[in-house]
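Chemist: First the structure, then my questions, so here it is.
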Amino acid sequence: MIIDSSVVVTAFLLGLFSSAHCIGMCGGIMGALSMAVPACEPRRRFIILCSYNIGRLLSYVFMGILVGLFAQQITASGGASVLRWLAGLLLIAMGLYLANWWHGLTYLESAGRYLWAYVQPIGKRLMPVNSPAKGVLLGALWGWLPCGLVYSALAYSMAQGHWALSGLTMLAFGAGTLPSLLLAGIAAQQLTRLLQLRQLRWSMAILIILFGFWTLWGAGGHGHHHDHQQTAPAGSEAPSSHEHHHRSTPATEAQDAHEHHHQQASSAAEMPDSHEHHHH
């Protein structure tokens with residue numbers, strides 16, 4: 001297994017660029033967690049916020065491992081390029097969604113609401129969060145909140161074709177969302193106002209769309225590159241076989257010459273007997 005640093009960096013940037021949406025989805029939760037701890041205890045408040053995000057990242061990693069195991073089966077069947085096409089298209093949809101140009105990801109979010117209907121009541125029982133243990137549990141549950149951006153990141157992690165790489169990709173994505181969500185619990189209004197700037201949102205959205213096209217481009221050339229790598233060893237075996245044949249030819253010629261010389265010696269040894277018999 002080879003870890004591609006560009007994949008990790010891309011996943012981190014995807015999480016960072018989707019911060020504006022994360023504030024809208026989870027900013028209220030972070031604010032509620034902050035208010036649950038008195039302002040006179042900033043250290044304890046920060047620990048609670050960190051524990052929640054640790055749980056959320058753990059849920060992302062778990063999702064990544066699950067889809068990665070599924071992706072391994074598809075990759076083994078020769079469907080790696082299909083996964084990359086799916087990831088590229090969803091990344092483009094993510095960028096369009098962030099820029100408010102197209103909201104196709106809402107269909108994915110609506111599909112996830114069926115599972116969320118069972119998870120949400122469990123999370124409410126953990127409120128108010130007044131301990132790190134509760135924060136980790138709530139974060140682990142809230143990681144399953146229906147979110148089209150998370151689903152797009154999952155598709156990108158699936159394209160890596162290995163459960164460990166998929167889990168690492170989702171960890172990097174979650175880490176990219178950390179700065180905004182940690183600050184959201186401390187300075188939610190100021191950060192939200194900044195991320196709502198149209199120029200900033202559009203810039204982030206365009207970059208994500210470019211990531212999507214880059215992934216599609218890789219899907220178009222990845223299979224060719226992979227096939228080239230697979231056929232290279234086969235082509236290298238032919239010269240080896242040819243060299244072996246070429247090297248064995250002198251040995252064969254020497255052996256043939258030795259046998260021919262031996263036959264000549266045998267014939268010469270038999271000639272006196274034959275001549276003597278004729279003379280007699």
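Letters for chains follow the order of the structure tokens (A, B, ...), residue numbers begin at 1 for each chain, and ligand numbers begin at 1 in the order shown.
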Near A:Val82, within 10 Å and counting only C-alpha atoms, which residues show up once chain neighbours fewer than 3 positions away are dropped, as a ChimeraX atom specification?
Modeler: /A:74-75,78-79,85-88,159,216,219-220
Chemist: In Å, rounded to a single decimal, give me how far atom CA of A:Ser18 is from atom CA of A:Leu197.
Modeler: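 Atom CA of A:Leu197 sits 13.5 Å away from atom CA of A:Ser18.
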Chemist: Mind pulling up the distance from atom CA of A:Trp202 to atom CA of A:Ala99?
Modeler: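 Separation of atom CA of A:Ala99 and atom CA of A:Trp202: 5.3 Å.
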Chemist: Which one of A:Leu108, A:Leu96, A:Leu141, A:Val136 sits closest to A:Pro121 if you count only C-alpha atoms?
Modeler: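 For A:Pro121, the nearest of the given residues is A:Leu141.
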Chemist: What's the 9 Å shell around A:Leu69, counting only C-alpha atoms, without same-chain residues fewer than 5 positions away, as JSON, numbers by chain?
Modeler: {"A": [64, 158, 161, 162, 163, 164, 166]}
Chemist: Measuring between only C-alpha atoms, which one of A:Gly139, A:Pro42, A:Gly218, A:Gly167 shows the shortest distance to A:Leu181?
Modeler: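 Of all the options, A:Gly139 lies closest to A:Leu181.
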Chemist: Would you please give, as a PyMOL selection string, all residues of stretch 131-175 of chain A that DSSP assigns to alpha helix (DSSP H) based on the backbone?
Modeler: chain A and resi 132-142+148-158+163-175
Chemist: With distances taken over only C-alpha atoms, which of A:Leu207, A:Val67, A:Leu49, A:Leu83 is nearest to A:Ala133?
Modeler: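 For A:Ala133, the nearest of the given residues is A:Leu49.
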Chemist: When distances are computed from only C-alpha atoms, which of A:Tyr52, A:Phe213, A:Tyr118, A:Tyr97 shows the smallest separation from A:Cys26?
Modeler: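 Between A:Tyr52, A:Phe213, A:Tyr118, A:Tyr97, the residue approaching A:Cys26 most closely is A:Tyr52.
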Chemist: Skipping near chain neighbours, those fewer than 6 positions away, what residues fall within 7 Å of A:Gly15 using only C-alpha atoms, listed as an MDAnalysis selection string?
Modeler: chainID A and resid 173:174 176:177
